[in-house]
file entry-v6.cif (mmCIF, C-alpha atoms and all ligand atoms)
data_upload
loop_
_atom_site.label_atom_id
_atom_site.label_comp_id
_atom_site.auth_asym_id
_atom_site.auth_seq_id
_atom_site.Cartn_x
_atom_site.Cartn_y
_atom_site.Cartn_z
CA MET A 512 -22.37 25.19 -23.99
CA THR A 513 -18.83 23.78 -23.68
CA GLU A 514 -18.63 20.03 -23.49
CA SER A 515 -16.33 18.82 -20.70
CA LYS A 516 -13.80 16.25 -21.89
CA PHE A 517 -13.10 12.90 -20.22
CA ARG A 518 -9.86 12.91 -18.25
CA SER A 519 -7.64 10.08 -17.06
CA GLY A 520 -4.18 9.55 -15.66
CA PHE A 521 -1.90 8.26 -12.94
CA VAL A 522 -1.49 9.65 -9.44
CA ALA A 523 1.40 8.27 -7.36
CA ILE A 524 1.00 8.12 -3.58
CA ILE A 525 4.48 8.36 -2.11
CA GLY A 526 6.08 9.06 1.26
CA ARG A 527 8.03 7.60 4.15
CA PRO A 528 7.04 4.18 5.51
CA ASN A 529 3.95 4.05 7.74
CA VAL A 530 2.50 7.46 6.86
CA GLY A 531 -0.81 5.93 5.70
CA LYS A 532 -0.42 5.56 1.92
CA SER A 533 -2.18 2.20 1.69
CA THR A 534 -4.90 3.30 4.12
CA LEU A 535 -5.58 6.23 1.77
CA LEU A 536 -5.67 4.00 -1.32
CA ASN A 537 -8.21 1.68 0.33
CA HIS A 538 -10.35 4.63 1.38
CA ILE A 539 -10.35 6.03 -2.16
CA VAL A 540 -11.40 2.80 -3.87
CA GLY A 541 -13.77 1.88 -1.03
CA GLN A 542 -12.37 -1.60 -0.68
CA LYS A 543 -9.33 -3.21 0.89
CA ILE A 544 -6.89 -3.91 -1.91
CA ALA A 545 -3.66 -2.96 -0.09
CA ILE A 546 -2.73 -4.34 3.32
CA THR A 547 -1.90 -1.92 6.14
CA SER A 548 -0.18 -2.27 9.49
CA PRO A 549 1.33 -0.20 12.30
CA LYS A 550 4.77 -1.51 11.25
CA PRO A 551 6.87 0.37 8.68
CA GLN A 552 7.65 -1.25 5.31
CA THR A 553 4.34 -3.04 4.99
CA THR A 554 3.86 -2.44 1.25
CA ARG A 555 6.48 -4.00 -1.05
CA ASN A 556 4.97 -3.55 -4.53
CA ARG A 557 3.21 -0.90 -6.52
CA ILE A 558 -0.55 -1.37 -6.24
CA LEU A 559 -3.06 0.28 -8.54
CA GLY A 560 -6.38 1.55 -7.21
CA ILE A 561 -8.89 2.66 -9.84
CA GLN A 562 -11.42 5.41 -9.16
CA ASN A 563 -14.22 5.57 -11.70
CA LEU A 564 -16.06 8.86 -12.09
CA ASP A 565 -18.55 10.05 -14.72
CA HIS A 566 -16.03 12.49 -16.15
CA ALA A 567 -12.71 10.86 -15.25
CA GLN A 568 -10.81 7.69 -14.40
CA VAL A 569 -8.15 8.27 -11.79
CA LEU A 570 -5.43 5.62 -11.44
CA TYR A 571 -3.90 5.87 -7.98
CA VAL A 572 -0.60 4.05 -7.43
CA ASP A 573 0.23 3.01 -3.87
CA THR A 574 3.97 2.55 -3.35
CA PRO A 575 6.38 1.18 -0.72
CA GLY A 576 7.67 3.72 1.80
CA ILE A 577 10.84 5.54 0.80
CA HIS A 578 13.71 4.77 3.19
CA GLU A 579 17.47 4.16 3.30
CA ALA A 580 17.57 0.74 1.67
CA ARG A 581 20.34 -1.74 2.39
CA SER A 582 19.19 -5.23 1.43
CA PRO A 583 18.23 -6.17 -2.14
CA LEU A 584 14.58 -6.52 -1.08
CA ASN A 585 14.57 -3.01 0.41
CA ARG A 586 16.26 -1.62 -2.66
CA TYR A 587 13.60 -3.24 -4.81
CA MET A 588 10.91 -1.58 -2.67
CA VAL A 589 12.41 1.90 -2.86
CA ASP A 590 13.01 1.52 -6.62
CA GLN A 591 9.30 0.79 -7.03
CA ALA A 592 8.45 4.05 -5.31
CA ARG A 593 11.03 6.07 -7.25
CA ALA A 594 9.84 4.71 -10.59
CA ALA A 595 6.24 5.53 -9.69
CA CYS A 596 7.19 9.19 -9.18
CA LEU A 597 8.61 9.54 -12.65
CA ASP A 598 5.91 8.47 -15.06
CA VAL A 599 2.74 9.84 -13.50
CA ASP A 600 0.57 12.91 -14.00
CA VAL A 601 0.31 13.92 -10.34
CA VAL A 602 2.25 13.04 -7.19
CA LEU A 603 0.76 12.97 -3.71
CA TRP A 604 3.46 13.24 -1.06
CA LEU A 605 2.00 11.98 2.20
CA VAL A 606 3.44 13.12 5.52
CA GLU A 607 2.28 12.57 9.09
CA ALA A 608 0.69 15.35 11.14
CA ASP A 609 1.89 13.83 14.40
CA ARG A 610 5.57 13.92 13.42
CA PRO A 611 8.02 16.82 13.15
CA VAL A 612 8.21 18.44 9.71
CA ASP A 613 10.19 16.12 7.42
CA THR A 614 13.25 18.12 6.45
CA ASP A 615 15.18 15.19 4.97
CA PRO A 616 16.01 16.18 1.35
CA MET A 617 15.58 12.61 0.03
CA ILE A 618 11.99 13.02 -1.16
CA PRO A 619 12.19 16.67 -2.36
CA ARG A 620 15.24 15.66 -4.44
CA LEU A 621 13.27 12.85 -6.00
CA LEU A 622 10.37 15.20 -6.77
CA GLU A 623 12.65 17.69 -8.50
CA LYS A 624 13.25 15.13 -11.24
CA GLY A 625 9.84 15.21 -12.89
CA ASP A 626 7.62 17.89 -14.26
CA ARG A 627 4.12 17.38 -12.81
CA PRO A 628 2.14 18.87 -9.97
CA VAL A 629 2.96 17.66 -6.46
CA LEU A 630 0.32 17.88 -3.75
CA LEU A 631 1.40 17.66 -0.14
CA VAL A 632 -1.05 15.61 1.88
CA ILE A 633 -0.77 15.95 5.65
CA ASN A 634 -2.31 12.74 6.98
CA LYS A 635 -3.43 11.63 10.47
CA ILE A 636 -4.88 15.04 11.41
CA ASP A 637 -7.18 13.16 13.78
CA THR A 638 -4.16 12.73 16.08
CA ILE A 639 -3.28 16.42 16.61
CA PRO A 640 -4.95 19.56 17.96
CA ARG A 641 -6.17 21.85 15.13
CA ASP A 642 -3.84 24.73 16.05
CA ARG A 643 -0.76 22.67 15.20
CA LEU A 644 -1.81 22.44 11.54
CA LEU A 645 -1.20 26.00 10.32
CA PRO A 646 2.45 26.23 11.44
CA MET A 647 3.02 22.84 9.85
CA ILE A 648 1.49 23.91 6.51
CA ASP A 649 3.64 27.02 6.66
CA ALA A 650 6.85 25.03 7.26
CA TYR A 651 6.14 22.54 4.47
CA SER A 652 5.28 25.26 1.96
CA LYS A 653 8.89 26.43 2.25
CA ILE A 654 10.28 23.00 1.28
CA CYS A 655 8.80 22.58 -2.22
CA PRO A 656 6.52 24.50 -4.57
CA PHE A 657 3.40 22.41 -3.93
CA ALA A 658 0.33 22.72 -6.18
CA SER A 659 -1.61 22.59 -2.90
CA ILE A 660 -1.39 21.33 0.66
CA ILE A 661 -4.31 19.24 1.86
CA PRO A 662 -4.78 17.97 5.44
CA ILE A 663 -6.64 14.67 5.76
CA SER A 664 -7.33 11.69 7.95
CA ALA A 665 -7.14 8.63 5.70
CA LEU A 666 -8.39 6.51 8.59
CA LYS A 667 -11.50 8.57 9.38
CA GLY A 668 -11.99 9.97 5.87
CA ASP A 669 -11.78 13.65 6.85
CA GLY A 670 -10.58 15.80 3.94
CA VAL A 671 -10.30 12.85 1.53
CA ASP A 672 -13.22 14.05 -0.62
CA ARG A 673 -11.56 17.44 -0.96
CA LEU A 674 -8.35 15.75 -2.02
CA MET A 675 -10.08 13.49 -4.56
CA ASP A 676 -12.08 16.42 -5.98
CA ALA A 677 -8.87 18.32 -6.69
CA ILE A 678 -7.33 15.57 -8.83
CA PRO A 679 -9.31 15.24 -12.11
CA ALA A 680 -8.61 18.84 -13.17
CA LEU A 681 -4.88 18.05 -12.98
CA LEU A 682 -5.14 15.08 -15.37
CA PRO A 683 -4.85 15.19 -19.16
CA GLU A 684 -7.71 14.34 -21.47
CA GLY A 685 -7.70 10.63 -22.04
CA PRO A 686 -9.75 7.44 -22.30
CA ARG A 687 -11.13 5.11 -19.66
CA TYR A 688 -8.18 2.70 -19.53
CA TYR A 689 -9.88 0.04 -17.40
CA PRO A 690 -13.46 -1.28 -17.38
CA GLU A 691 -15.73 0.66 -15.05
CA ASP A 692 -16.19 -2.19 -12.57
CA GLN A 693 -12.45 -2.85 -12.12
CA LEU A 694 -10.86 -1.54 -8.90
CA THR A 695 -7.27 -2.73 -9.24
CA ASP A 696 -4.82 -4.43 -11.58
CA VAL A 697 -3.39 -6.86 -9.04
CA PRO A 698 -4.73 -10.41 -9.21
CA GLU A 699 -6.85 -11.88 -6.40
CA ARG A 700 -4.05 -14.35 -5.69
CA PHE A 701 -1.73 -11.47 -4.86
CA ILE A 702 -4.22 -9.88 -2.45
CA VAL A 703 -4.75 -13.28 -0.81
CA ALA A 704 -0.99 -13.67 -0.26
CA GLU A 705 -0.85 -10.13 1.11
CA MET A 706 -3.71 -10.78 3.53
CA ILE A 707 -1.77 -13.71 4.94
CA ARG A 708 1.35 -11.52 5.25
CA GLU A 709 -0.74 -8.85 6.99
CA GLN A 710 -1.70 -11.29 9.75
CA ILE A 711 1.97 -12.21 10.14
CA LEU A 712 2.90 -8.50 10.40
CA MET A 713 0.29 -8.10 13.12
CA ARG A 714 1.37 -11.07 15.19
CA THR A 715 5.16 -11.15 14.98
CA ARG A 716 7.92 -8.68 15.74
CA ASP A 717 11.61 -7.84 15.35
CA GLU A 718 13.00 -9.20 12.10
CA VAL A 719 10.36 -11.89 11.53
CA PRO A 720 7.80 -9.85 9.54
CA TYR A 721 10.57 -8.55 7.27
CA GLY A 722 11.82 -12.04 6.38
CA VAL A 723 8.45 -13.36 5.20
CA ALA A 724 7.28 -13.89 1.61
CA VAL A 725 3.94 -15.55 0.96
CA LEU A 726 3.24 -17.47 -2.22
CA VAL A 727 -0.19 -18.85 -3.15
CA GLU A 728 0.40 -22.23 -4.77
CA ARG A 729 -3.19 -23.39 -5.27
CA PHE A 730 -6.35 -21.36 -5.79
CA GLN A 731 -9.16 -23.75 -6.59
CA ASP A 732 -12.63 -22.49 -7.27
CA ASN A 733 -15.36 -24.95 -6.37
CA PRO A 734 -18.60 -23.30 -7.54
CA ALA A 735 -20.71 -26.39 -6.76
CA LYS A 736 -19.86 -25.99 -3.07
CA ASN A 737 -19.65 -22.17 -3.30
CA MET A 738 -16.19 -22.41 -1.89
CA VAL A 739 -12.53 -21.75 -2.71
CA GLY A 740 -9.59 -23.94 -1.66
CA ILE A 741 -6.31 -22.11 -1.17
CA SER A 742 -2.84 -23.42 -0.32
CA ALA A 743 -0.06 -20.98 0.42
CA VAL A 744 3.57 -21.24 1.43
CA VAL A 745 5.00 -18.83 3.98
CA ASN A 746 8.70 -18.53 3.18
CA VAL A 747 11.06 -17.41 5.93
CA GLU A 748 14.80 -16.75 6.02
CA ARG A 749 15.85 -18.86 8.99
CA ASP A 750 14.91 -21.95 11.02
CA SER A 751 14.37 -19.75 14.09
CA GLN A 752 11.76 -17.72 12.18
CA LYS A 753 10.00 -20.91 11.18
CA GLY A 754 9.83 -21.91 14.84
CA ILE A 755 8.23 -18.60 15.78
CA LEU A 756 5.71 -18.69 12.94
CA VAL A 757 4.62 -22.26 13.58
CA GLY A 758 4.44 -21.68 17.34
CA LYS A 759 3.96 -24.18 20.15
CA GLY A 760 2.01 -27.13 18.79
CA GLY A 761 1.27 -25.09 15.65
CA ILE A 762 -0.84 -22.52 17.53
CA MET A 763 0.65 -19.43 15.85
CA ILE A 764 0.24 -20.58 12.26
CA ARG A 765 -3.31 -21.76 13.07
CA GLN A 766 -4.23 -18.30 14.38
CA ILE A 767 -2.65 -16.60 11.37
CA GLY A 768 -4.60 -18.94 9.08
CA GLN A 769 -7.92 -18.38 10.85
CA SER A 770 -7.68 -14.59 10.78
CA ALA A 771 -6.43 -14.48 7.18
CA ARG A 772 -9.22 -16.84 6.10
CA LYS A 773 -11.87 -14.47 7.50
CA GLU A 774 -10.39 -11.52 5.59
CA ILE A 775 -10.15 -13.55 2.36
CA GLU A 776 -13.76 -14.77 2.75
CA ARG A 777 -14.89 -11.17 3.16
CA MET A 778 -13.09 -10.20 -0.06
CA LEU A 779 -14.20 -13.18 -2.17
CA GLY A 780 -17.69 -13.48 -0.70
CA VAL A 781 -17.47 -17.27 -0.48
CA LYS A 782 -16.30 -19.86 2.06
CA VAL A 783 -12.57 -20.46 1.99
CA HIS A 784 -10.52 -23.47 2.97
CA LEU A 785 -7.00 -22.19 3.66
CA GLU A 786 -3.92 -24.34 4.13
CA LEU A 787 -0.59 -22.76 5.15
CA PHE A 788 2.88 -24.27 5.02
CA VAL A 789 6.00 -22.66 6.47
CA ARG A 790 9.21 -23.20 4.51
CA VAL A 791 12.78 -21.98 5.11
CA GLN A 792 14.48 -20.35 2.10
CA LYS A 793 17.81 -19.34 3.62
CA ASN A 794 18.47 -15.57 3.28
CA TRP A 795 16.01 -15.13 0.42
CA THR A 796 15.89 -11.33 0.90
CA MET A 797 19.51 -11.25 -0.27
CA SER A 798 18.97 -13.36 -3.39
CA GLY A 799 17.78 -11.80 -6.63
CA ARG A 800 16.73 -15.19 -7.96
CA MET A 801 14.52 -16.03 -4.99
CA MET A 802 13.09 -12.53 -4.80
CA LYS A 803 12.01 -12.92 -8.41
CA GLU A 804 10.36 -16.24 -7.58
CA PHE A 805 8.38 -14.53 -4.81
CA GLY A 806 7.19 -11.73 -7.08
CA TYR A 807 9.72 -9.02 -6.20
CA GLU A 808 11.18 -8.62 -9.63
N1 LIG A 901 -4.71 7.85 13.52
C1 LIG A 901 -4.53 7.58 12.23
N2 LIG A 901 -3.86 6.51 11.85
C2 LIG A 901 -3.69 6.29 10.53
C3 LIG A 901 -4.20 7.16 9.55
N3 LIG A 901 -3.88 6.67 8.33
C4 LIG A 901 -3.18 5.54 8.55
N4 LIG A 901 -3.07 5.29 9.88
C5 LIG A 901 -2.39 4.16 10.53
O1 LIG A 901 -1.01 4.25 10.23
C6 LIG A 901 -0.45 2.93 10.12
C7 LIG A 901 0.25 2.79 8.80
O2 LIG A 901 -0.70 2.82 7.75
P1 LIG A 901 -0.38 2.23 6.30
O3 LIG A 901 -1.51 2.62 5.42
O4 LIG A 901 -0.01 0.80 6.39
O5 LIG A 901 0.91 3.10 5.95
P2 LIG A 901 1.82 3.05 4.62
O6 LIG A 901 2.25 4.44 4.36
O7 LIG A 901 1.11 2.34 3.55
O8 LIG A 901 3.06 2.20 5.16
P3 LIG A 901 4.17 1.36 4.30
O9 LIG A 901 3.43 0.45 3.38
O10 LIG A 901 4.91 0.63 5.36
O11 LIG A 901 5.02 2.36 3.60
C8 LIG A 901 -1.62 1.96 10.29
O12 LIG A 901 -1.63 1.52 11.63
C9 LIG A 901 -2.83 2.81 9.98
O13 LIG A 901 -4.02 2.39 10.63
C10 LIG A 901 -4.95 8.32 9.99
O14 LIG A 901 -5.44 9.13 9.22
N5 LIG A 901 -5.06 8.48 11.34
MG MG A 902 1.61 0.67 2.51
#

call {"tool": "encode", "arguments": {"input": "entry-v6.cif", "output": "structure tokens"}}
result
Amino acid sequence: MTESKFRSGFVAIIGRPNVGKSTLLNHIVGQKIAITSPKPQTTRNRILGIQNLDHAQVLYVDTPGIHEARSPLNRYMVDQARAACLDVDVVLWLVEADRPVDTDPMIPRLLEKGDRPVLLVINKIDTIPRDRLLPMIDAYSKICPFASIIPISALKGDGVDRLMDAIPALLPEGPRYYPEDQLTDVPERFIVAEMIREQILMRTRDEVPYGVAVLVERFQDNPAKNMVGISAVVNVERDSQKGILVGKGGIMIRQIGQSARKEIERMLGVKVHLELFVRVQKNWTMSGRMMKEFGYE
């Protein structure tokens, strides 16, 4: 009898903004660790999602969407995604089924640089009729030599098991890097800040969601009361954005706080008291120093 060896390694999830990378990561780990939204450029950092199996530990890396970056913040985001492609064992390139075939050479050029299998994942198949899939698979197979092409719906879960089953065999032999009960490497504070930003993404438009950085300044556990007290600062770039976020008589920021609090309570499993402050940090997305302060380093 041959003994099967334990395998482990990194799998980068890359693609254009809004294709469903973070939705897929959450589905794989079975918990919400990355925020998602219908707006592009939701994710700004690399986020690790750990899948623990009997015979393998798969470390999925969610990344910001790859796009033409102009501002320093956008360049930071795209750099995160590029770096993730280089030092991993497998790359998943996510594309959308309900969009024309992506013929832009930007991503294929990036993929040429490393030597590891690339799987093309066609997401959002729940939005198209079945007969559109085959011609799409055919067109993509001409773009890159993919190890395989797997259609899924990250939202509904269709095809995701097939995708996950294909991964361990592509990983090298290796140890369990993280304890079995750990799902991510990002601290709770980070997810809390992201959950606040998610509510802002959902409720604001134009340039407002892109000028927001949330920083948790206090995270106070009160086990006696089975409760956590959190204070966070919502930094914006301009006075006008502050006006929008606070809203008439403070209504907007109250709604953001209420919805974010419910999400945070669900994650932490305790009551949460959440305080939000809106502060103007003029043009912070253009300043390396301030970006660093907000965690985009
Ligand atoms: N119908 C459908 N919608 C999906 C699917 N997967 C993701 N979405 C939606 O697509 C939108 C974008 O999803 P995200 O997971 O935030 O996309 P992302 O690739 O992480 O986006 P960025 O972080 O901006 O790069 C959200 O509104 C999701 O609900 C899917 O399989 N089917
Ligand atoms: Mg994302």

call {"tool": "residues_near_ligand", "arguments": {"input": "entry-v6.cif", "ligand": "ligand LIG 901 (chain A)", "cutoff": "6 Å", "atoms": "only C-alpha atoms and all ligand atoms", "output": "ChimeraX atom specification"}}
result
/A:528-534,547-549,551-554,575-576,634-635,637-638,664-666

call {"tool": "atom_distance", "arguments": {"input": "entry-v6.cif", "atom1": "CA of Trp604 in chain A", "atom2": "CA of Lys667 in chain A"}}
result
18.8 Å

call {"tool": "atom_distance", "arguments": {"input": "entry-v6.cif", "atom1": "CA of Ala704 in chain A", "atom2": "CA of Arg777 in chain A"}}
result
14.5 Å

call {"tool": "closest_residue", "arguments": {"input": "entry-v6.cif", "among": "A:Met647, A:Ala592, A:Ile561, A:Val569", "to": "ligand MG 902 (chain A)", "atoms": "only C-alpha atoms and all ligand atoms"}}
result
A:Ala592

call {"tool": "axis_aligned_box", "arguments": {"input": "entry-v6.cif", "around": "range 543-561 of chain A", "padding_each_side": "6 Å", "output": "AutoDock Vina command-line options"}}
result
--center_x -0.8 --center_y -0.8 --center_z 1.2 --size_x 29.0 --size_y 19.0 --size_z 34.1

call {"tool": "closest_residue", "arguments": {"input": "entry-v6.cif", "among": "A:Arg687, A:Gln562, A:Asn746, A:Pro619", "to": "Gly541 in chain A", "atoms": "all atoms listed in the file"}}
result
A:Gln562

call {"tool": "residues_around", "arguments": {"input": "entry-v6.cif", "residues": "Val727 in chain A", "least_positions_apart": "6", "cutoff": "8 Å", "atoms": "all atoms listed in the file", "output": "ChimeraX atom specification"}}
result
/A:700-701,703-704,741-744

call {"tool": "atom_distance", "arguments": {"input": "entry-v6.cif", "atom1": "CA of Glu709 in chain A", "atom2": "CA of Asp613 in chain A"}}
result
27.3 Å

call {"tool": "decode", "arguments": {"input": "entry-v6.cif", "residues": "range 728-754 of chain A", "atoms": "N, CA and C atoms", "output": "short mmCIF file (atom, residue, chain, number, x, y, z; two decimals), in the first residue's frame"}}
result
data_model
loop_
_atom_site.label_atom_id
_atom_site.label_comp_id
_atom_site.auth_asym_id
_atom_site.auth_seq_id
_atom_site.Cartn_x
_atom_site.Cartn_y
_atom_site.Cartn_z
N GLU A 728 -9.78 51.97 16.17
CA GLU A 728 -8.87 52.56 17.16
C GLU A 728 -9.00 51.91 18.53
N ARG A 729 -10.16 51.32 18.79
CA ARG A 729 -10.35 50.66 20.11
C ARG A 729 -11.12 49.37 19.88
N PHE A 730 -10.64 48.30 20.50
CA PHE A 730 -11.32 47.01 20.40
C PHE A 730 -11.25 46.42 21.80
N GLN A 731 -12.32 46.62 22.58
CA GLN A 731 -12.24 46.32 24.00
C GLN A 731 -13.17 45.17 24.34
N ASP A 732 -12.54 44.08 24.73
CA ASP A 732 -13.31 42.90 25.09
C ASP A 732 -13.82 43.07 26.52
N ASN A 733 -15.11 42.82 26.72
CA ASN A 733 -15.66 42.90 28.07
C ASN A 733 -16.37 41.58 28.38
N PRO A 734 -15.57 40.55 28.77
CA PRO A 734 -16.15 39.21 28.93
C PRO A 734 -17.25 39.16 30.00
N ALA A 735 -17.13 40.00 31.04
CA ALA A 735 -18.14 40.00 32.11
C ALA A 735 -19.52 40.30 31.54
N LYS A 736 -19.56 41.22 30.58
CA LYS A 736 -20.84 41.59 29.96
C LYS A 736 -21.08 40.84 28.65
N ASN A 737 -20.15 39.95 28.28
CA ASN A 737 -20.23 39.22 27.02
C ASN A 737 -20.43 40.20 25.85
N MET A 738 -19.55 41.17 25.83
CA MET A 738 -19.72 42.24 24.87
C MET A 738 -18.38 42.84 24.46
N VAL A 739 -18.34 43.41 23.25
CA VAL A 739 -17.12 44.05 22.76
C VAL A 739 -17.43 45.51 22.42
N GLY A 740 -16.56 46.42 22.85
CA GLY A 740 -16.72 47.84 22.51
C GLY A 740 -15.72 48.20 21.42
N ILE A 741 -16.22 48.77 20.33
CA ILE A 741 -15.34 49.10 19.21
C ILE A 741 -15.50 50.57 18.82
N SER A 742 -14.38 51.28 18.66
CA SER A 742 -14.43 52.62 18.08
C SER A 742 -13.62 52.61 16.80
N ALA A 743 -14.18 53.20 15.76
CA ALA A 743 -13.47 53.22 14.49
C ALA A 743 -13.59 54.61 13.86
N VAL A 744 -12.53 54.98 13.12
CA VAL A 744 -12.53 56.24 12.41
C VAL A 744 -12.67 55.96 10.92
N VAL A 745 -13.63 56.66 10.31
CA VAL A 745 -13.81 56.56 8.86
C VAL A 745 -13.11 57.78 8.26
N ASN A 746 -11.98 57.54 7.60
CA ASN A 746 -11.23 58.65 7.00
C ASN A 746 -11.70 58.89 5.58
N VAL A 747 -11.93 60.15 5.25
CA VAL A 747 -12.31 60.50 3.87
C VAL A 747 -11.35 61.54 3.33
N GLU A 748 -11.43 61.79 2.02
CA GLU A 748 -10.45 62.68 1.39
C GLU A 748 -10.85 64.15 1.40
N ARG A 749 -12.18 64.40 1.48
CA ARG A 749 -12.65 65.77 1.33
C ARG A 749 -13.80 66.08 2.28
N ASP A 750 -14.00 67.37 2.56
CA ASP A 750 -15.11 67.79 3.42
C ASP A 750 -16.45 67.35 2.84
N SER A 751 -16.57 67.43 1.49
CA SER A 751 -17.85 67.08 0.86
C SER A 751 -18.18 65.60 1.12
N GLN A 752 -17.14 64.76 1.14
CA GLN A 752 -17.37 63.33 1.39
C GLN A 752 -17.80 63.11 2.84
N LYS A 753 -17.25 63.92 3.73
CA LYS A 753 -17.64 63.81 5.13
C LYS A 753 -19.13 64.13 5.27
N GLY A 754 -19.55 65.19 4.56
CA GLY A 754 -20.95 65.59 4.60
C GLY A 754 -21.87 64.46 4.16
#
